[in-house]
Structure formats: structure tokens, C-alpha cells
$ cat work-v2.cif   # mmCIF, C-alpha atoms and all ligand atoms
data_start
loop_
_atom_site.label_atom_id
_atom_site.label_comp_id
_atom_site.auth_asym_id
_atom_site.auth_seq_id
_atom_site.Cartn_x
_atom_site.Cartn_y
_atom_site.Cartn_z
CA MET P 1 0.00 0.00 0.00
CA ALA P 2 1.50 3.31 -1.04
CA SER P 3 1.31 5.97 1.65
CA THR P 4 2.78 9.33 2.54
CA LEU P 5 4.66 10.39 5.64
CA ARG P 6 4.75 14.12 6.37
CA ILE P 7 7.74 15.41 8.34
CA ALA P 8 7.75 18.73 10.22
CA SER P 9 11.15 20.30 10.76
CA ARG P 10 12.80 23.51 11.81
CA ARG P 11 14.44 25.18 8.88
CA SER P 12 17.89 25.99 10.28
CA GLN P 13 20.75 24.43 8.35
CA LEU P 14 21.44 21.93 11.11
CA ALA P 15 17.76 20.97 11.41
CA MET P 16 17.51 20.43 7.66
CA VAL P 17 20.64 18.24 7.57
CA GLN P 18 19.12 16.11 10.34
CA THR P 19 15.70 15.93 8.70
CA HIS P 20 17.14 15.00 5.32
CA TRP P 21 19.09 12.21 6.98
CA VAL P 22 15.87 10.89 8.57
CA ARG P 23 14.03 11.15 5.26
CA ASP P 24 16.77 9.27 3.39
CA GLU P 25 16.93 6.48 5.99
CA LEU P 26 13.15 6.06 5.94
CA ALA P 27 13.08 6.09 2.13
CA ARG P 28 15.75 3.38 2.06
CA ALA P 29 13.75 1.19 4.45
CA HIS P 30 10.33 1.78 2.85
CA ALA P 31 10.66 1.83 -0.93
CA ASP P 32 7.03 2.77 -1.64
CA LEU P 33 6.65 5.42 1.05
CA GLY P 34 6.18 8.98 -0.20
CA ILE P 35 7.85 11.45 2.16
CA THR P 36 7.31 15.22 2.33
CA ILE P 37 9.03 17.80 4.51
CA GLU P 38 7.46 20.96 5.86
CA ALA P 39 10.10 23.33 7.20
CA MET P 40 9.17 26.18 9.53
CA ALA P 41 10.65 28.61 12.03
CA THR P 42 9.97 28.14 15.73
CA GLN P 43 9.80 30.74 18.50
CA GLY P 44 13.42 29.94 19.34
CA ASP P 45 14.48 30.75 15.78
CA LYS P 46 12.64 34.08 15.79
CA ILE P 47 13.62 35.55 19.16
CA LEU P 48 17.34 36.08 18.68
CA ASP P 49 18.05 39.13 20.80
CA VAL P 50 17.10 37.62 24.17
CA ALA P 51 19.25 35.20 26.15
CA LEU P 52 17.85 31.70 25.88
CA ALA P 53 17.61 31.27 29.64
CA LYS P 54 15.54 34.42 30.05
CA ILE P 55 12.91 33.31 27.56
CA GLY P 56 12.65 30.32 29.84
CA ASP P 57 9.79 28.81 27.89
CA LYS P 58 9.75 25.07 27.49
CA GLY P 59 9.37 23.80 23.95
CA LEU P 60 10.93 26.89 22.43
CA PHE P 61 12.20 24.91 19.45
CA THR P 62 9.41 22.34 19.28
CA LYS P 63 5.93 23.84 19.78
CA GLU P 64 5.20 24.89 16.21
CA LEU P 65 6.21 21.45 14.93
CA GLU P 66 4.02 19.79 17.53
CA ALA P 67 1.05 21.91 16.54
CA GLN P 68 1.35 20.57 12.97
CA MET P 69 1.06 16.99 14.22
CA LEU P 70 -1.83 17.78 16.53
CA VAL P 71 -3.90 19.26 13.66
CA ASN P 72 -2.87 16.33 11.44
CA ARG P 73 -0.84 18.33 8.97
CA ALA P 74 2.35 16.42 9.81
CA ASP P 75 2.96 12.87 11.03
CA ILE P 76 6.37 13.17 12.65
CA ALA P 77 8.70 15.92 13.83
CA VAL P 78 12.49 15.57 13.84
CA HIS P 79 14.25 17.24 16.78
CA SER P 80 17.68 17.41 18.30
CA LEU P 81 16.70 15.30 21.28
CA LYS P 82 18.20 17.81 23.68
CA ASP P 83 15.73 20.45 22.51
CA LEU P 84 12.73 18.23 23.19
CA PRO P 85 11.19 18.85 26.64
CA THR P 86 10.94 15.83 28.93
CA ASN P 87 7.17 16.25 29.21
CA LEU P 88 5.39 16.26 25.85
CA PRO P 89 1.98 17.74 25.04
CA GLU P 90 -1.05 15.49 25.46
CA GLY P 91 -1.54 13.42 22.32
CA LEU P 92 2.12 13.22 21.31
CA MET P 93 4.93 10.82 22.16
CA LEU P 94 8.64 10.28 21.62
CA GLY P 95 8.40 7.62 18.89
CA CYS P 96 12.07 6.75 18.56
CA ILE P 97 15.63 7.80 19.31
CA THR P 98 18.36 7.56 16.67
CA GLU P 99 21.97 6.49 17.10
CA ARG P 100 23.89 9.12 19.00
CA GLU P 101 26.97 10.87 17.68
CA ASP P 102 29.69 11.96 20.10
CA PRO P 103 27.67 13.82 22.76
CA ALA P 104 30.64 15.89 23.97
CA ASP P 105 30.89 19.66 23.92
CA ALA P 106 33.66 21.14 21.80
CA LEU P 107 35.88 24.18 22.15
CA VAL P 108 36.13 26.31 19.00
CA VAL P 109 38.70 29.11 19.11
CA HIS P 110 39.45 32.32 17.26
CA GLN P 111 42.53 31.75 15.12
CA LYS P 112 44.65 33.96 17.39
CA HIS P 113 44.27 31.25 20.05
CA SER P 114 45.11 28.31 17.82
CA ASP P 115 48.04 27.37 20.10
CA LYS P 116 45.87 27.40 23.27
CA THR P 117 43.67 24.88 25.06
CA LEU P 118 40.70 25.52 27.32
CA ALA P 119 43.11 25.31 30.26
CA THR P 120 45.64 27.78 28.81
CA LEU P 121 43.36 30.51 27.42
CA PRO P 122 44.49 33.84 28.92
CA ALA P 123 42.59 35.37 31.85
CA GLY P 124 39.65 37.47 30.68
CA SER P 125 39.17 35.52 27.44
CA VAL P 126 35.55 35.83 26.30
CA VAL P 127 33.72 32.51 25.96
CA GLY P 128 30.54 32.62 23.87
CA THR P 129 27.72 30.43 25.15
CA SER P 130 24.04 30.78 26.05
CA SER P 131 23.99 27.49 27.88
CA LEU P 132 23.68 27.80 31.67
CA ARG P 133 25.07 24.28 31.88
CA ARG P 134 28.27 25.18 30.00
CA LEU P 135 28.53 28.48 31.84
CA ALA P 136 28.27 27.01 35.34
CA GLN P 137 30.69 24.15 34.77
CA LEU P 138 33.33 26.24 33.01
CA ARG P 139 33.07 28.99 35.64
CA HIS P 140 33.59 26.34 38.28
CA HIS P 141 36.82 25.09 36.68
CA PHE P 142 38.07 28.29 35.01
CA PRO P 143 36.97 31.29 37.11
CA HIS P 144 39.42 33.55 35.24
CA LEU P 145 37.44 33.34 31.97
CA GLN P 146 34.59 35.68 30.98
CA PHE P 147 31.30 34.59 29.52
CA LYS P 148 29.08 36.31 26.98
CA ASP P 149 25.74 35.26 25.53
CA VAL P 150 25.65 34.17 21.90
CA ARG P 151 22.49 33.34 19.99
CA GLY P 152 21.68 32.38 16.43
CA ASN P 153 22.45 29.23 14.51
CA VAL P 154 25.84 27.53 14.46
CA ILE P 155 27.05 29.25 11.25
CA THR P 156 26.11 32.72 12.59
CA ARG P 157 27.93 31.99 15.83
CA LEU P 158 31.10 30.93 14.05
CA GLN P 159 30.97 34.15 12.00
CA LYS P 160 30.74 36.20 15.21
CA LEU P 161 33.73 34.31 16.62
CA ASP P 162 35.81 34.86 13.49
CA ASP P 163 34.82 38.56 13.50
CA GLY P 164 36.46 38.87 16.92
CA GLU P 165 33.38 39.23 19.16
CA TYR P 166 34.52 36.22 21.22
CA ASP P 167 37.79 34.44 21.93
CA CYS P 168 36.15 31.05 21.76
CA LEU P 169 32.80 29.27 21.64
CA ILE P 170 31.54 26.08 23.20
CA LEU P 171 29.36 24.10 20.79
CA ALA P 172 28.13 20.54 20.57
CA ALA P 173 30.59 18.41 18.61
CA ALA P 174 27.65 16.58 17.01
CA GLY P 175 26.16 19.71 15.49
CA LEU P 176 29.51 20.81 14.04
CA GLY P 177 30.10 17.34 12.66
CA ARG P 178 26.70 17.11 10.99
CA LEU P 179 27.26 20.48 9.34
CA GLY P 180 30.59 19.30 7.93
CA LEU P 181 32.42 21.69 10.27
CA GLY P 182 34.21 19.06 12.33
CA ASP P 183 37.55 20.69 11.43
CA ARG P 184 36.56 23.66 13.62
CA ILE P 185 36.65 21.43 16.73
CA HIS P 186 39.79 22.57 18.56
CA GLU P 187 39.35 20.38 21.63
CA LEU P 188 36.70 17.95 22.86
CA ILE P 189 35.85 18.95 26.40
CA ASP P 190 36.61 16.26 28.96
CA PRO P 191 33.54 15.06 30.87
CA ALA P 192 35.58 15.55 34.04
CA ILE P 193 35.31 19.30 33.28
CA SER P 194 31.90 19.58 31.64
CA LEU P 195 29.08 17.06 31.34
CA HIS P 196 26.92 17.30 28.22
CA ALA P 197 23.21 18.10 27.99
CA VAL P 198 20.54 15.45 28.34
CA GLY P 199 20.01 13.80 24.95
CA GLN P 200 22.87 15.68 23.27
CA GLY P 201 24.02 14.16 19.99
CA ALA P 202 20.90 12.06 19.35
CA LEU P 203 17.77 12.85 17.33
CA GLY P 204 14.31 12.34 18.75
CA ILE P 205 11.39 11.61 16.47
CA GLU P 206 8.08 12.70 17.88
CA CYS P 207 4.73 11.44 16.61
CA ARG P 208 1.07 11.22 17.62
CA ASP P 209 0.54 9.05 20.65
CA GLY P 210 -0.48 5.56 19.57
CA ASP P 211 -0.14 6.20 15.81
CA THR P 212 0.84 2.57 15.22
CA ALA P 213 1.30 2.84 11.45
CA VAL P 214 3.80 5.67 11.87
CA LEU P 215 5.47 4.06 14.88
CA GLU P 216 6.09 0.97 12.77
CA GLN P 217 7.54 3.04 9.93
CA ILE P 218 10.00 4.89 12.15
CA GLN P 219 11.14 1.88 14.21
CA VAL P 220 13.97 1.29 11.71
CA LEU P 221 15.60 4.44 13.09
CA GLU P 222 15.56 3.35 16.72
CA HIS P 223 19.00 2.63 18.23
CA THR P 224 18.43 0.71 21.44
CA PRO P 225 21.71 1.49 23.27
CA THR P 226 21.29 5.21 22.56
CA ALA P 227 17.63 5.07 23.55
CA ARG P 228 18.47 3.47 26.89
CA ARG P 229 21.14 6.04 27.65
CA CYS P 230 18.88 8.92 26.67
CA LEU P 231 15.85 7.59 28.55
CA ALA P 232 17.97 7.42 31.71
CA GLU P 233 19.18 10.99 31.09
CA ARG P 234 15.67 12.28 30.38
CA ALA P 235 14.23 10.62 33.49
CA PHE P 236 16.98 12.31 35.54
CA LEU P 237 16.11 15.74 34.11
CA ARG P 238 12.36 15.20 34.39
CA GLU P 239 12.65 14.12 38.00
CA LEU P 240 14.79 17.16 38.84
CA GLU P 241 13.15 19.87 36.81
CA GLY P 242 11.72 19.04 33.40
CA GLY P 243 13.06 21.88 31.26
CA CYS P 244 16.19 22.31 29.22
CA GLN P 245 17.56 25.68 30.34
CA VAL P 246 19.11 24.64 33.63
CA PRO P 247 22.71 23.93 34.66
CA ILE P 248 22.17 20.18 34.60
CA GLY P 249 24.63 17.89 32.82
CA VAL P 250 24.97 14.15 32.32
CA ASN P 251 27.11 11.37 30.98
CA THR P 252 26.12 7.76 30.32
CA ARG P 253 28.13 4.70 29.44
CA PHE P 254 27.85 0.93 29.59
CA ALA P 255 29.99 -0.96 32.10
CA ASP P 256 31.73 -4.16 30.96
CA SER P 257 28.98 -6.07 32.77
CA GLY P 258 26.44 -4.44 30.44
CA GLU P 259 25.00 -2.31 33.21
CA LEU P 260 24.32 1.34 32.51
CA ILE P 261 26.27 4.02 34.38
CA LEU P 262 24.64 7.44 34.64
CA THR P 263 26.61 10.43 35.94
CA GLY P 264 24.81 13.71 36.60
CA MET P 265 25.52 17.16 37.92
CA VAL P 266 23.63 20.24 39.07
CA ALA P 267 25.46 23.54 39.55
CA SER P 268 24.75 27.07 40.72
CA LEU P 269 25.05 29.74 38.01
CA ASP P 270 28.31 31.12 39.39
CA GLY P 271 29.76 27.62 39.47
CA GLY P 272 30.37 28.04 43.19
CA ARG P 273 28.36 24.98 44.11
CA LEU P 274 28.50 21.90 41.94
CA LEU P 275 26.95 18.58 42.89
CA ARG P 276 27.91 15.48 40.98
CA ASP P 277 27.14 11.81 41.55
CA ALA P 278 26.72 8.57 39.60
CA VAL P 279 24.55 5.46 39.70
CA GLN P 280 24.80 2.08 38.01
CA GLY P 281 22.09 -0.46 37.29
CA PRO P 282 20.38 -2.71 34.72
CA GLN P 283 20.11 -1.08 31.30
CA GLU P 284 16.66 -2.60 30.81
CA ASP P 285 15.20 -0.09 33.29
CA PRO P 286 16.96 3.17 32.40
CA GLU P 287 14.30 5.45 33.85
CA ALA P 288 14.72 3.97 37.32
CA LEU P 289 18.39 4.97 37.17
CA GLY P 290 17.55 8.53 36.22
CA ILE P 291 15.04 8.84 39.04
CA ASP P 292 17.46 7.30 41.53
CA LEU P 293 20.23 9.75 40.63
CA ALA P 294 17.88 12.74 40.76
CA GLN P 295 16.75 11.74 44.24
CA ARG P 296 20.33 11.33 45.41
CA LEU P 297 21.27 14.79 44.18
CA ARG P 298 18.15 16.24 45.78
CA GLY P 299 19.30 14.71 49.03
CA GLN P 300 22.57 16.62 48.58
CA GLY P 301 20.83 19.98 48.02
CA ALA P 302 20.08 20.09 44.26
CA GLY P 303 16.55 21.34 44.93
CA GLU P 304 17.83 24.48 46.66
CA ILE P 305 20.31 25.23 43.89
CA LEU P 306 17.59 24.92 41.25
CA GLU P 307 15.11 27.02 43.25
CA GLU P 308 17.67 29.81 43.47
CA ILE P 309 18.23 29.70 39.71
CA PHE P 310 14.52 29.80 38.88
CA ALA P 311 14.11 32.78 41.21
CA SER P 312 17.00 34.69 39.62
CA VAL P 313 15.87 33.94 36.04
CA ARG P 314 12.30 35.04 36.95
CA SER P 315 13.52 38.30 38.46
CA GLN P 316 15.55 39.13 35.34
CA ALA P 317 12.79 38.29 32.89
C1 LIG P 401 19.88 23.35 24.33
C2 LIG P 401 21.04 24.01 24.75
C3 LIG P 401 21.67 24.50 23.59
C4 LIG P 401 20.87 24.09 22.48
C5 LIG P 401 21.48 24.14 26.18
C6 LIG P 401 22.67 23.27 26.56
C7 LIG P 401 22.95 25.25 23.53
C8 LIG P 401 22.77 26.73 23.67
C9 LIG P 401 24.06 27.48 23.56
C10 LIG P 401 18.88 22.68 25.15
N1 LIG P 401 19.78 23.44 22.96
O1 LIG P 401 23.26 22.54 25.75
O2 LIG P 401 23.07 23.32 27.74
O3 LIG P 401 25.16 26.89 23.49
O4 LIG P 401 24.03 28.71 23.54
C11 LIG P 401 21.36 23.03 20.23
C12 LIG P 401 22.53 22.62 19.52
C13 LIG P 401 22.28 21.32 19.04
C14 LIG P 401 20.98 21.01 19.40
C15 LIG P 401 23.76 23.42 19.33
C16 LIG P 401 24.83 23.25 20.37
C17 LIG P 401 23.18 20.42 18.20
C18 LIG P 401 23.69 19.20 18.95
C19 LIG P 401 22.67 18.10 19.19
C20 LIG P 401 21.10 24.34 20.98
N2 LIG P 401 20.43 22.06 20.10
O5 LIG P 401 24.60 22.80 21.51
O6 LIG P 401 25.99 23.59 20.04
O7 LIG P 401 21.87 17.78 18.30
O8 LIG P 401 22.71 17.54 20.28
#
$ encode --input "work-v2.cif" --output "C-alpha cells" --more "lines below"
Ligand code: DPM
Amino acid sequence: MASTLRIASRRSQLAMVQTHWVRDELARAHADLGITIEAMATQGDKILDVALAKIGDKGLFTKELEAQMLVNRADIAVHSLKDLPTNLPEGLMLGCITEREDPADALVVHQKHSDKTLATLPAGSVVGTSSLRRLAQLRHHFPHLQFKDVRGNVITRLQKLDDGEYDCLILAAAGLGRLGLGDRIHELIDPAISLHAVGQGALGIECRDGDTAVLEQIQVLEHTPTARRCLAERAFLRELEGGCQVPIGVNTRFADSGELILTGMVASLDGGRLLRDAVQGPQEDPEALGIDLAQRLRGQGAGEILEEIFASVRSQA
């Protein structure tokens, strides 16, 4: 039976690269499936002059795509999984998670610093990032650096760096790689310094809840090890807070025994307080691990740190 699958996507360069990859994989698996793409801007693409954390709205990069599925004008939406809130609107579900690329953050430097590393950048160097997670962890380890907001898509950010507005940027290695800009990665940031965002490096495909025909079509894209890691990470974030603009970082890996190890951290904005802990358990129940780790960090004071951050972001808004 010939049928059509309609994909909703953001229209940034990175989003389109990701969506085209999904389309090509689905076309390869389902020879008689017609596939269309509807590309649109989201709130997060339009508001470019306000720091991401101050907008504070969940689903900044996803709502418009979700609306298309809810009115049955699209069947799936392709997201960077880290941009997809942990709680989805009624009627929608996370249909599958694709194989993750390297989830690490990367340092990209202005050419005048090509002989430096993150650890040897001179005092006062200006680091471009709008991520509270990157900000808090780097401030914690490198209090002599300065931080400045940077918005816009990856290409725009690199242009601002090369124009001299920043000494360096921190960007996801996966995004740079997908855009063919892997040669701009100067250093992969060690997880001992900075843990990555929940879901970073993987794509999440969202669809209507219980749409079995579509769920069957997209199952070819599911990568079970990645899904388990990301479900543990998402459960951790959901249990702690739920949103994506918080200084919360994670790392997941499989032990030799096959068990899943989840490391997580919560930090204050100035990096002064940083809580970090890890749990290990069966990979078949990843969400239990995420919940367990969140509760442990709460026991160590994570709730207070997060409350303080929400209060300060609210008062600046
Ligand atoms: C989210 C954050 C950022 C994006 C916050 C965070 C980075 C914002 C910034 C939730 N979404 O990571 O702590 O650095 O100012 C985003 C990127 C990718 C997906 C770009 C990037 C590509 C990587 C991927 C923006 N969303 O992080 O460099 O698909 O995982």
C-alpha cells in the first residue's frame, strides 16, 4: 500500500541536515513510502536578541512542529533530542531515538588562540555560550574566563567568533560534525570538566501518541543502546526539573557487565556549588536509574540550587 509520511522540521541548516538524513533512511527502508518535509521557524528561531535562559519557555524549538502533528498536517517531527522537553503535550509521544553521535561539547577558538587549550586561554578571554550548563561548569573550573551570551544558529555563531566578538565558543561536537564543520573542533571537552546536555548528539522523532502505522515506519531508526542512555538521562532531568535551560549535565556509558552508568551534575550559576554523583544499574530499566540519581542529588541539596536559579531567572525576565 503506497502511503505518505509528512515530516515537520525547523528550517535551520542543522535541522535540515538532520531531517534530510531521517528522510533518506526512511526512504531506504520503505521503498514505496512517499515522504514530504514541511520546514518552519519556531519561536526559538525568531527571538534572537534575548538570552535563551531568560525566555525560559519550554518547547521553544518544538511547539510549532508539535502543533502541525496535533492538527494532522504532519505525522512526525524531527528534533535534536536535547531540545525536546521531557514532558510532551497530550496526544504526542517520543516515537524513537536515533543512534547518538559523540555527545561531547567542543571548544572552537578564534585563530589567534590556535596554540591554546581551554586550560591555557588567557585570563579574561571571552567565551561565547548561552547554555547555563556550559557556563556554570566552566566557571567552576576556570573562574578567570569571561562569559558572553551568543544566539543564532551555528554558522552565525562561528561568524561572530571569526569577526572577533569572542575568543572562543563552546558548541556541541555533534552539530559541528553534521554540518561538515568538524575541522573547527579545537578540543573535545573532557567530561571531568563539563558534562553534556541530556540527549545531546541524538535525534528524537516525535509522533502522535499511539499512531501505530507511523510508529512501525520509524522503528527502523531506533537505536536501542542510545535510547536506553537517553531515557535514563531524560528521566533524571524530568525528575529534577523538566526543562532544558538549567545547569544540569549528564554522561552515560555501559559498564563491561552491560549495566548502565549514569553520571549527573547540578550547579549554581556562578559555578560556586557543583553537585555530581553517579549510579549504576540494569540497562533494561533506564528510567529507574535517572530517578534514583535525581533523588540522590536532591538529598545533597540540588533542589535548593535549582530554586535559586529559577528565582533569579524570573527576576531578570
Ligand atoms: C539546548 C542548549 C543548547 C541548544 C542548552 C545546553 C545550547 C545553547 C548554547 C537545550 N539546545 O546545551 O546546555 O550553546 O548557547 C542546540 C545545539 C544542538 C541542538 C547546538 C549546540 C546540536 C547538537 C545536538 C542548541 N540544540 O549545543 O551547540 O543535536 O545535540
$ residues_around --input "work-v2.cif" --residues "stretch 152-163 of chain P" --least-positions-apart "6" --cutoff "12 Å" --atoms "all atoms listed in the file" --output "number ranges by chain"
P: 10-15, 44-52, 107-113, 126-130, 169-181, 184-185
$ closest_atom_pairs --input "work-v2.cif" --of "chain P" --to "ligand LIG 401 (chain P)" --cutoff "7 Å" --atoms "all atoms listed in the file" --output "JSON lines"
{"residue": "P:Ser80", "atom": "CA", "partner": "P:LIG401", "partner_atom": "O7", "distance": 4.2}
{"residue": "P:Leu81", "atom": "CA", "partner": "P:LIG401", "partner_atom": "O7", "distance": 6.5}
{"residue": "P:Lys82", "atom": "CA", "partner": "P:LIG401", "partner_atom": "C10", "distance": 5.1}
{"residue": "P:Asp83", "atom": "CA", "partner": "P:LIG401", "partner_atom": "C10", "distance": 4.7}
{"residue": "P:Pro103", "atom": "CA", "partner": "P:LIG401", "partner_atom": "O8", "distance": 6.7}
{"residue": "P:Thr129", "atom": "CA", "partner": "P:LIG401", "partner_atom": "O4", "distance": 4.4}
{"residue": "P:Ser130", "atom": "CA", "partner": "P:LIG401", "partner_atom": "O4", "distance": 3.3}
{"residue": "P:Ser131", "atom": "CA", "partner": "P:LIG401", "partner_atom": "O2", "distance": 4.3}
{"residue": "P:Leu132", "atom": "CA", "partner": "P:LIG401", "partner_atom": "O2", "distance": 6.0}
{"residue": "P:Arg133", "atom": "CA", "partner": "P:LIG401", "partner_atom": "O2", "distance": 4.7}
{"residue": "P:Arg134", "atom": "CA", "partner": "P:LIG401", "partner_atom": "O2", "distance": 6.0}
{"residue": "P:Val150", "atom": "CA", "partner": "P:LIG401", "partner_atom": "O4", "distance": 5.9}
{"residue": "P:Arg151", "atom": "CA", "partner": "P:LIG401", "partner_atom": "O4", "distance": 6.0}
{"residue": "P:Val154", "atom": "CA", "partner": "P:LIG401", "partner_atom": "C15", "distance": 6.7}
{"residue": "P:Ile170", "atom": "CA", "partner": "P:LIG401", "partner_atom": "O3", "distance": 6.4}
{"residue": "P:Leu171", "atom": "CA", "partner": "P:LIG401", "partner_atom": "O6", "distance": 3.5}
{"residue": "P:Ala172", "atom": "CA", "partner": "P:LIG401", "partner_atom": "O6", "distance": 3.8}
{"residue": "P:Ala173", "atom": "CA", "partner": "P:LIG401", "partner_atom": "C18", "distance": 7.0}
{"residue": "P:Ala174", "atom": "CA", "partner": "P:LIG401", "partner_atom": "C18", "distance": 5.1}
{"residue": "P:Gly175", "atom": "CA", "partner": "P:LIG401", "partner_atom": "C17", "distance": 4.1}
{"residue": "P:His196", "atom": "CA", "partner": "P:LIG401", "partner_atom": "O1", "distance": 6.9}
{"residue": "P:Ala197", "atom": "CA", "partner": "P:LIG401", "partner_atom": "O1", "distance": 5.0}
{"residue": "P:Gly199", "atom": "CA", "partner": "P:LIG401", "partner_atom": "O8", "distance": 6.6}
{"residue": "P:Gln200", "atom": "CA", "partner": "P:LIG401", "partner_atom": "O8", "distance": 3.5}
{"residue": "P:Gly201", "atom": "CA", "partner": "P:LIG401", "partner_atom": "O8", "distance": 3.6}
{"residue": "P:Ala202", "atom": "CA", "partner": "P:LIG401", "partner_atom": "O8", "distance": 5.8}
{"residue": "P:Leu203", "atom": "CA", "partner": "P:LIG401", "partner_atom": "O7", "distance": 6.5}
{"residue": "P:Cys244", "atom": "CA", "partner": "P:LIG401", "partner_atom": "C10", "distance": 4.9}
{"residue": "P:Gln245", "atom": "CA", "partner": "P:LIG401", "partner_atom": "C5", "distance": 5.9}
{"residue": "P:Pro247", "atom": "CA", "partner": "P:LIG401", "partner_atom": "O2", "distance": 7.0}
$ residues_near_point --input "work-v2.cif" --point "(4.7, 10.4, 20.4)" --cutoff "12 Å" --atoms "all atoms listed in the file" --output "PyMOL selection string"
chain P and resi 66+69-70+75-78+84+86-97+204-212+214-215+218
$ residues_around --input "work-v2.cif" --residues "P:Arg139" --least-positions-apart "6" --cutoff "8 Å" --atoms "only C-alpha atoms" --output "list in words"
Leu145, Asp270 and Gly271 of chain P
$ closest_residue --input "work-v2.cif" --among "P:Glu233, P:Glu259, P:Asp105, P:Glu64" --to "P:Ile193" --atoms "all atoms listed in the file"
P:Asp105
$ closest_atom_pairs --input "work-v2.cif" --of "stretch 138-244 of chain P" --to "stretch 293-297 of chain P" --cutoff "8 Å" --atoms "all atoms listed in the file" --output "JSON lines"
{"residue": "P:Phe236", "atom": "CA", "partner": "P:Ala294", "partner_atom": "CA", "distance": 5.3}
{"residue": "P:Leu237", "atom": "CA", "partner": "P:Ala294", "partner_atom": "CA", "distance": 7.5}
{"residue": "P:Glu239", "atom": "CA", "partner": "P:Ala294", "partner_atom": "CA", "distance": 6.1}
{"residue": "P:Leu240", "atom": "CA", "partner": "P:Ala294", "partner_atom": "CA", "distance": 5.7}
$ write_last_selection --input "work-v2.cif" --atoms "C-alpha atoms" --output "CSV table (one decimal), keeping the file's coordinate frame"
chain,number,residue,atom,x,y,z
P,236,PHE,CA,17.0,12.3,35.5
P,237,LEU,CA,16.1,15.7,34.1
P,239,GLU,CA,12.6,14.1,38.0
P,240,LEU,CA,14.8,17.2,38.8
$ atom_distance --input "work-v2.cif" --atom1 "atom CA of P:Ile37" --atom2 "atom CA of P:Arg6"
5.9 Å
$ closest_residue --input "work-v2.cif" --among "P:Ile189, P:Met16, P:Leu60, P:Leu260" --to "P:Pro225" --atoms "all atoms listed in the file"
P:Leu260
$ atom_distance --input "work-v2.cif" --atom1 "atom CA of P:Thr42" --atom2 "atom CA of P:His20"
18.2 Å
$ atom_distance --input "work-v2.cif" --atom1 "atom CA of P:Leu275" --atom2 "atom CA of P:Arg234"
18.0 Å
$ residues_around --input "work-v2.cif" --residues "P:Glu304" --least-positions-apart "4" --cutoff "12 Å" --atoms "only C-alpha atoms" --output "list in words"
Leu240, Glu241, Val266, Ala267, Ser268, Arg273, Leu274, Leu275, Leu297, Arg298, Gly299, Gln300, Glu308, Ile309, Phe310 and Ala311 of chain P
$ closest_residue --input "work-v2.cif" --among "P:Arg228, P:His79, P:Arg238, P:Lys58" --to "P:Thr19" --atoms "all atoms listed in the file"
P:His79
$ decode --input "work-v2.cif" --residues "stretch 276-291 of chain P" --atoms "N, CA, C and O atoms" --output "mmCIF file, in the first residue's frame"
data_model
loop_
_atom_site.group_PDB
_atom_site.id
_atom_site.type_symbol
_atom_site.label_atom_id
_atom_site.label_comp_id
_atom_site.auth_asym_id
_atom_site.auth_seq_id
_atom_site.Cartn_x
_atom_site.Cartn_y
_atom_site.Cartn_z
ATOM 1 N N ARG P 276 27.726 16.482 42.033
ATOM 2 C CA ARG P 276 27.912 15.479 40.980
ATOM 3 C C ARG P 276 27.897 14.111 41.634
ATOM 4 O O ARG P 276 28.478 13.907 42.698
ATOM 5 N N ASP P 277 27.195 13.172 41.004
ATOM 6 C CA ASP P 277 27.138 11.814 41.549
ATOM 7 C C ASP P 277 26.858 10.851 40.393
ATOM 8 O O ASP P 277 26.573 11.292 39.276
ATOM 9 N N ALA P 278 26.954 9.557 40.650
ATOM 10 C CA ALA P 278 26.723 8.569 39.596
ATOM 11 C C ALA P 278 25.990 7.364 40.165
ATOM 12 O O ALA P 278 26.119 7.065 41.356
ATOM 13 N N VAL P 279 25.223 6.705 39.314
ATOM 14 C CA VAL P 279 24.545 5.463 39.699
ATOM 15 C C VAL P 279 24.774 4.420 38.602
ATOM 16 O O VAL P 279 25.048 4.771 37.446
ATOM 17 N N GLN P 280 24.636 3.169 38.974
ATOM 18 C CA GLN P 280 24.801 2.076 38.015
ATOM 19 C C GLN P 280 23.692 1.066 38.243
ATOM 20 O O GLN P 280 23.328 0.786 39.387
ATOM 21 N N GLY P 281 23.147 0.528 37.137
ATOM 22 C CA GLY P 281 22.086 -0.465 37.291
ATOM 23 C C GLY P 281 21.750 -1.099 35.948
ATOM 24 O O GLY P 281 22.374 -0.783 34.932
ATOM 25 N N PRO P 282 20.739 -1.984 35.945
ATOM 26 C CA PRO P 282 20.381 -2.710 34.719
ATOM 27 C C PRO P 282 19.945 -1.753 33.602
ATOM 28 O O PRO P 282 19.166 -0.838 33.846
ATOM 29 N N GLN P 283 20.457 -1.980 32.399
ATOM 30 C CA GLN P 283 20.112 -1.077 31.297
ATOM 31 C C GLN P 283 18.670 -1.246 30.832
ATOM 32 O O GLN P 283 18.138 -0.391 30.128
ATOM 33 N N GLU P 284 18.034 -2.364 31.234
ATOM 34 C CA GLU P 284 16.656 -2.599 30.810
ATOM 35 C C GLU P 284 15.675 -1.653 31.512
ATOM 36 O O GLU P 284 14.524 -1.520 31.100
ATOM 37 N N ASP P 285 16.101 -1.015 32.601
ATOM 38 C CA ASP P 285 15.199 -0.087 33.293
ATOM 39 C C ASP P 285 15.895 1.275 33.470
ATOM 40 O O ASP P 285 16.196 1.699 34.586
ATOM 41 N N PRO P 286 16.154 1.943 32.335
ATOM 42 C CA PRO P 286 16.959 3.172 32.396
ATOM 43 C C PRO P 286 16.299 4.279 33.215
ATOM 44 O O PRO P 286 16.974 5.050 33.884
ATOM 45 N N GLU P 287 14.966 4.337 33.166
ATOM 46 C CA GLU P 287 14.295 5.450 33.847
ATOM 47 C C GLU P 287 14.480 5.363 35.354
ATOM 48 O O GLU P 287 14.602 6.384 36.041
ATOM 49 N N ALA P 288 14.516 4.127 35.875
ATOM 50 C CA ALA P 288 14.721 3.966 37.315
ATOM 51 C C ALA P 288 16.067 4.560 37.738
ATOM 52 O O ALA P 288 16.184 5.167 38.809
ATOM 53 N N LEU P 289 17.071 4.408 36.872
ATOM 54 C CA LEU P 289 18.394 4.967 37.170
ATOM 55 C C LEU P 289 18.352 6.492 37.227
ATOM 56 O O LEU P 289 18.937 7.109 38.124
ATOM 57 N N GLY P 290 17.655 7.073 36.266
ATOM 58 C CA GLY P 290 17.555 8.532 36.218
ATOM 59 C C GLY P 290 16.862 9.075 37.463
ATOM 60 O O GLY P 290 17.297 10.069 38.057
ATOM 61 N N ILE P 291 15.798 8.398 37.863
ATOM 62 C CA ILE P 291 15.041 8.842 39.040
ATOM 63 C C ILE P 291 15.896 8.684 40.298
ATOM 64 O O ILE P 291 15.960 9.580 41.146
#
